[in-house]
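Undergrad: Structure file start-v1.cif, mmCIF, C-alpha atoms, is pasted below:
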```cif
data_work
#
loop_
_atom_site.label_atom_id
_atom_site.label_comp_id
_atom_site.auth_asym_id
_atom_site.auth_seq_id
_atom_site.Cartn_x
_atom_site.Cartn_y
_atom_site.Cartn_z
CA MET A 284 11.83 -2.60 10.26
CA GLN A 285 12.71 1.03 9.63
CA VAL A 286 9.95 3.43 8.65
CA THR A 287 10.66 7.01 7.62
CA LEU A 288 8.52 9.91 6.46
CA TRP A 289 8.94 10.79 2.81
CA ALA A 290 7.54 13.62 0.74
CA ILE A 291 4.48 12.16 -0.96
CA ASP A 292 5.81 12.99 -4.43
CA ARG A 293 8.96 10.95 -3.80
CA VAL A 294 6.93 7.71 -3.83
CA ILE A 295 6.57 6.28 -7.35
CA PRO A 296 3.50 4.18 -8.21
CA TYR A 297 4.30 0.86 -9.86
CA ALA A 298 3.36 1.39 -13.52
CA ARG A 299 2.23 -2.20 -13.99
CA ASN A 300 0.07 -2.41 -10.88
CA ALA A 301 -2.53 -5.06 -11.64
CA ARG A 302 -5.15 -3.95 -9.14
CA ASP A 303 -8.04 -1.74 -10.15
CA ILE A 304 -8.45 0.47 -7.07
CA SER A 305 -12.00 1.67 -6.54
CA GLN A 306 -12.89 5.09 -5.20
CA THR A 307 -14.73 3.29 -2.40
CA ALA A 308 -11.50 1.56 -1.34
CA ILE A 309 -9.60 4.86 -1.43
CA ASP A 310 -12.32 6.56 0.63
CA LYS A 311 -12.29 3.78 3.24
CA VAL A 312 -8.52 3.85 3.61
CA ALA A 313 -8.55 7.66 3.81
CA ALA A 314 -11.18 7.47 6.56
CA SER A 315 -9.09 4.88 8.40
CA ILE A 316 -5.94 7.01 8.20
CA LYS A 317 -7.90 10.03 9.41
CA GLU A 318 -9.45 8.10 12.31
CA PHE A 319 -6.57 5.89 13.42
CA GLY A 320 -3.46 7.39 11.85
CA TRP A 321 -0.97 5.41 9.85
CA ARG A 322 -0.76 1.76 10.94
CA GLN A 323 0.92 0.38 7.80
CA PRO A 324 3.63 2.15 5.84
CA ILE A 325 3.87 2.19 2.08
CA VAL A 326 6.46 -0.40 1.06
CA VAL A 327 8.84 0.59 -1.74
CA ASP A 328 11.86 -0.94 -3.46
CA ASN A 329 15.32 0.62 -3.73
CA GLU A 330 14.12 2.78 -6.61
CA ALA A 331 11.24 4.26 -4.52
CA VAL A 332 8.68 2.31 -6.58
CA ILE A 333 5.71 0.97 -4.63
CA VAL A 334 5.77 -2.70 -3.77
CA ALA A 335 2.65 -2.54 -1.57
CA GLY A 336 0.51 0.44 -0.68
CA HIS A 337 -1.01 2.00 -3.80
CA THR A 338 -4.36 2.49 -2.05
CA ARG A 339 -2.65 4.08 0.95
CA LEU A 340 -0.83 6.51 -1.37
CA LEU A 341 -4.07 7.47 -3.13
CA ALA A 342 -5.80 7.91 0.23
CA ALA A 343 -2.97 10.15 1.44
CA ARG A 344 -3.34 12.27 -1.69
CA LYS A 345 -7.10 12.49 -1.11
CA LEU A 346 -6.39 13.75 2.42
CA GLY A 347 -3.96 16.34 1.07
CA LEU A 348 -1.00 14.93 3.00
CA SER A 349 2.46 16.10 2.07
CA ALA A 350 4.37 13.22 3.69
CA VAL A 351 3.78 9.48 4.05
CA PRO A 352 5.45 6.73 6.10
CA VAL A 353 7.61 4.49 3.95
CA HIS A 354 9.50 1.27 4.47
CA VAL A 355 12.22 0.51 1.92
CA ALA A 356 12.35 -3.25 1.32
CA ASP A 357 16.05 -3.09 0.55
CA ASN A 358 16.73 -6.64 1.68
CA LEU A 359 14.55 -8.27 -0.99
CA THR A 360 15.78 -9.43 -4.39
CA ALA A 361 14.03 -8.38 -7.60
CA ALA A 362 12.37 -11.82 -7.73
CA GLN A 363 11.17 -11.45 -4.14
CA ILE A 364 9.78 -7.97 -4.91
CA ARG A 365 7.78 -9.42 -7.84
CA ALA A 366 6.50 -12.26 -5.67
CA TYR A 367 5.55 -9.88 -2.85
CA ARG A 368 3.62 -7.61 -5.25
CA LEU A 369 1.74 -10.62 -6.59
CA MET A 370 0.95 -11.92 -3.12
CA ASP A 371 -0.21 -8.49 -1.95
CA ASN A 372 -2.53 -8.06 -4.95
CA ARG A 373 -3.95 -11.57 -4.64
CA SER A 374 -4.54 -11.29 -0.92
CA HIS A 375 -6.63 -8.14 -1.49
CA GLU A 376 -8.61 -9.84 -4.26
CA GLU A 377 -9.32 -12.84 -2.04
CA ALA A 378 -10.34 -10.64 0.88
CA ALA A 379 -12.86 -8.88 -1.37
CA GLY A 380 -14.17 -12.21 -2.68
CA HIS A 381 -16.78 -14.62 -1.43
CA GLY A 382 -16.41 -16.84 1.58
CA ILE A 383 -14.69 -14.33 3.84
CA THR A 384 -15.86 -14.53 7.41
CA ARG A 385 -15.64 -11.32 9.35
CA HIS A 386 -15.08 -11.56 13.09
CA ARG A 387 -16.03 -8.80 15.47
CA ALA A 388 -13.68 -7.90 18.30
#
```
Take the structure I supplied and represent it as structure tokens, if you would.

TA:
Amino acid sequence: MQVTLWAIDRVIPYARNARDISQTAIDKVAASIKEFGWRQPIVVDNEAVIVAGHTRLLAARKLGLSAVPVHVADNLTAAQIRAYRLMDNRSHEEAAGHGITRHRA
């Protein structure tokens, strides 16, 4: 997987993003980036539109960053991009839902 640094304004949010991203989520991700650095890039399609990583982009903006790590998912079809977006959104919803067991390291 290739990850490169892009100017933050080059990354285009997906206009039809279904997730409602709370300020609390943005603050937590910003704190994580500040504490641990980037551990997950923003994933974009061939048009530079976000596939996964809207919260990371908003957190980077909150931190005043000018560049963000990006992975271009150029090997996925349009159908796979749609499916990946859906899976990513649903996995976040389920993680925020009931019945999640948190394990301490």

Undergrad: In the coordinate frame of the file, compute which residues have an atom within 12 Å of (-5.1, 4.3, 8.3) when using all atoms listed in the file, and state them as number ranges by chain.

TA: A: 308-325, 336, 338-343, 346, 351-352

Undergrad: Need the shell around region 297-305 of chain A: protein/DNA/RNA residues with any atom at most 9 Å away, counting only C-alpha atoms. Skip same-chain ones fewer than 2 positions apart. Format as a list in words?

TA: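 Answer for this query is Ile295, Thr307, Ala308, Ile309, Asp310, Val332, Ile333, Val334, His337, Thr338, Arg368, Leu369, Asn372, Arg373, His375 and Glu376 of chain A.
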
Undergrad: So that I can see what lies close to Ala350 (chain A), please list as a PyMOL selection string the residues with an atom at most 10 Å from it, counting all atoms listed in the file and leaving out residues fewer than 6 positions away in the same chain.

TA: chain A and resi 287-294+340+343-344

Undergrad: Please, what distance in Å, to one decimal, runs between CA of Val353 (chain A) and CA of Val286 (chain A)?

TA: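 Separation of CA of Val353 (chain A) and CA of Val286 (chain A): 5.4 Å.
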
Undergrad: Just how far from CA of Leu348 (chain A) is CA of Met284 (chain A), in Å to one decimal?

TA: 22.9 Å

Undergrad: Grab all the atoms of region 357-372 of chain A that the file lists, wrap them in a box along x, y and z, add 4 Å per side, and give me centre plus edge lengths in Å (one decimal) as lines of an AutoDock Vina configuration file.

TA:
```
center_x = 7.1
center_y = -7.7
center_z = -3.1
size_x = 27.3
size_y = 17.2
size_z = 17.5
```

Undergrad: Restrict the output to region 321-346 of chain A and N, CA, C and O atoms, then write it as a short mmCIF file (atom, residue, chain, number, x, y, z; two decimals), in the first residue's frame.

TA:
```cif
data_model
loop_
_atom_site.label_atom_id
_atom_site.label_comp_id
_atom_site.auth_asym_id
_atom_site.auth_seq_id
_atom_site.Cartn_x
_atom_site.Cartn_y
_atom_site.Cartn_z
N TRP A 321 -0.04 10.01 12.75
CA TRP A 321 -0.95 9.36 11.81
C TRP A 321 -0.70 7.86 11.82
O TRP A 321 0.43 7.42 11.59
N ARG A 322 -1.73 7.07 12.04
CA ARG A 322 -1.64 5.61 11.99
C ARG A 322 -2.54 5.03 10.91
O ARG A 322 -2.42 3.86 10.58
N GLN A 323 -3.43 5.86 10.37
CA GLN A 323 -4.30 5.45 9.27
C GLN A 323 -4.37 6.61 8.28
O GLN A 323 -4.70 7.73 8.67
N PRO A 324 -4.09 6.34 7.03
CA PRO A 324 -4.22 7.42 6.04
C PRO A 324 -5.68 7.66 5.69
O PRO A 324 -6.56 6.85 5.99
N ILE A 325 -5.94 8.75 5.03
CA ILE A 325 -7.24 9.01 4.43
C ILE A 325 -7.24 8.24 3.11
O ILE A 325 -6.27 8.31 2.35
N VAL A 326 -8.30 7.50 2.86
CA VAL A 326 -8.40 6.72 1.62
C VAL A 326 -9.26 7.49 0.64
O VAL A 326 -10.36 7.94 0.99
N VAL A 327 -8.74 7.68 -0.57
CA VAL A 327 -9.47 8.41 -1.61
C VAL A 327 -9.57 7.56 -2.88
O VAL A 327 -8.81 6.61 -3.06
N ASP A 328 -10.48 7.95 -3.76
CA ASP A 328 -10.59 7.29 -5.06
C ASP A 328 -9.71 8.02 -6.07
O ASP A 328 -8.96 8.94 -5.71
N ASN A 329 -9.79 7.64 -7.32
CA ASN A 329 -8.96 8.24 -8.36
C ASN A 329 -9.25 9.71 -8.61
O ASN A 329 -8.45 10.40 -9.25
N GLU A 330 -10.39 10.18 -8.12
CA GLU A 330 -10.76 11.58 -8.29
C GLU A 330 -10.41 12.43 -7.07
O GLU A 330 -10.81 13.58 -6.98
N ALA A 331 -9.72 11.83 -6.10
CA ALA A 331 -9.32 12.47 -4.84
C ALA A 331 -10.48 12.66 -3.87
O ALA A 331 -10.38 13.42 -2.91
N VAL A 332 -11.58 11.94 -4.10
CA VAL A 332 -12.75 12.02 -3.22
C VAL A 332 -12.60 10.98 -2.12
O VAL A 332 -12.24 9.82 -2.38
N ILE A 333 -12.90 11.37 -0.90
CA ILE A 333 -12.73 10.47 0.25
C ILE A 333 -13.60 9.23 0.13
O ILE A 333 -14.80 9.32 -0.13
N VAL A 334 -12.97 8.10 0.35
CA VAL A 334 -13.66 6.82 0.47
C VAL A 334 -13.84 6.52 1.96
O VAL A 334 -14.91 6.14 2.41
N ALA A 335 -12.79 6.73 2.73
CA ALA A 335 -12.81 6.54 4.18
C ALA A 335 -11.86 7.54 4.81
O ALA A 335 -10.72 7.69 4.34
N GLY A 336 -12.33 8.23 5.83
CA GLY A 336 -11.43 9.16 6.52
C GLY A 336 -11.95 10.57 6.70
O GLY A 336 -11.17 11.49 6.95
N HIS A 337 -13.26 10.77 6.62
CA HIS A 337 -13.80 12.11 6.80
C HIS A 337 -13.46 12.69 8.18
O HIS A 337 -13.09 13.86 8.29
N THR A 338 -13.56 11.87 9.22
CA THR A 338 -13.25 12.35 10.56
C THR A 338 -11.78 12.71 10.67
O THR A 338 -11.42 13.72 11.28
N ARG A 339 -10.91 11.91 10.06
CA ARG A 339 -9.47 12.22 10.09
C ARG A 339 -9.19 13.55 9.39
O ARG A 339 -8.36 14.33 9.85
N LEU A 340 -9.88 13.81 8.27
CA LEU A 340 -9.69 15.07 7.57
C LEU A 340 -10.13 16.25 8.44
O LEU A 340 -9.42 17.25 8.56
N LEU A 341 -11.29 16.13 9.07
CA LEU A 341 -11.78 17.20 9.93
C LEU A 341 -10.86 17.41 11.13
O LEU A 341 -10.62 18.55 11.55
N ALA A 342 -10.32 16.33 11.67
CA ALA A 342 -9.38 16.44 12.79
C ALA A 342 -8.10 17.15 12.34
O ALA A 342 -7.55 17.99 13.07
N ALA A 343 -7.63 16.82 11.15
CA ALA A 343 -6.42 17.47 10.62
C ALA A 343 -6.66 18.97 10.45
O ALA A 343 -5.78 19.78 10.75
N ARG A 344 -7.84 19.32 9.96
CA ARG A 344 -8.17 20.75 9.82
C ARG A 344 -8.21 21.43 11.19
O ARG A 344 -7.73 22.54 11.35
N LYS A 345 -8.79 20.76 12.18
CA LYS A 345 -8.84 21.31 13.53
C LYS A 345 -7.43 21.57 14.07
O LYS A 345 -7.19 22.56 14.74
N LEU A 346 -6.50 20.66 13.73
CA LEU A 346 -5.11 20.81 14.18
C LEU A 346 -4.33 21.83 13.36
O LEU A 346 -3.18 22.11 13.67
#
```
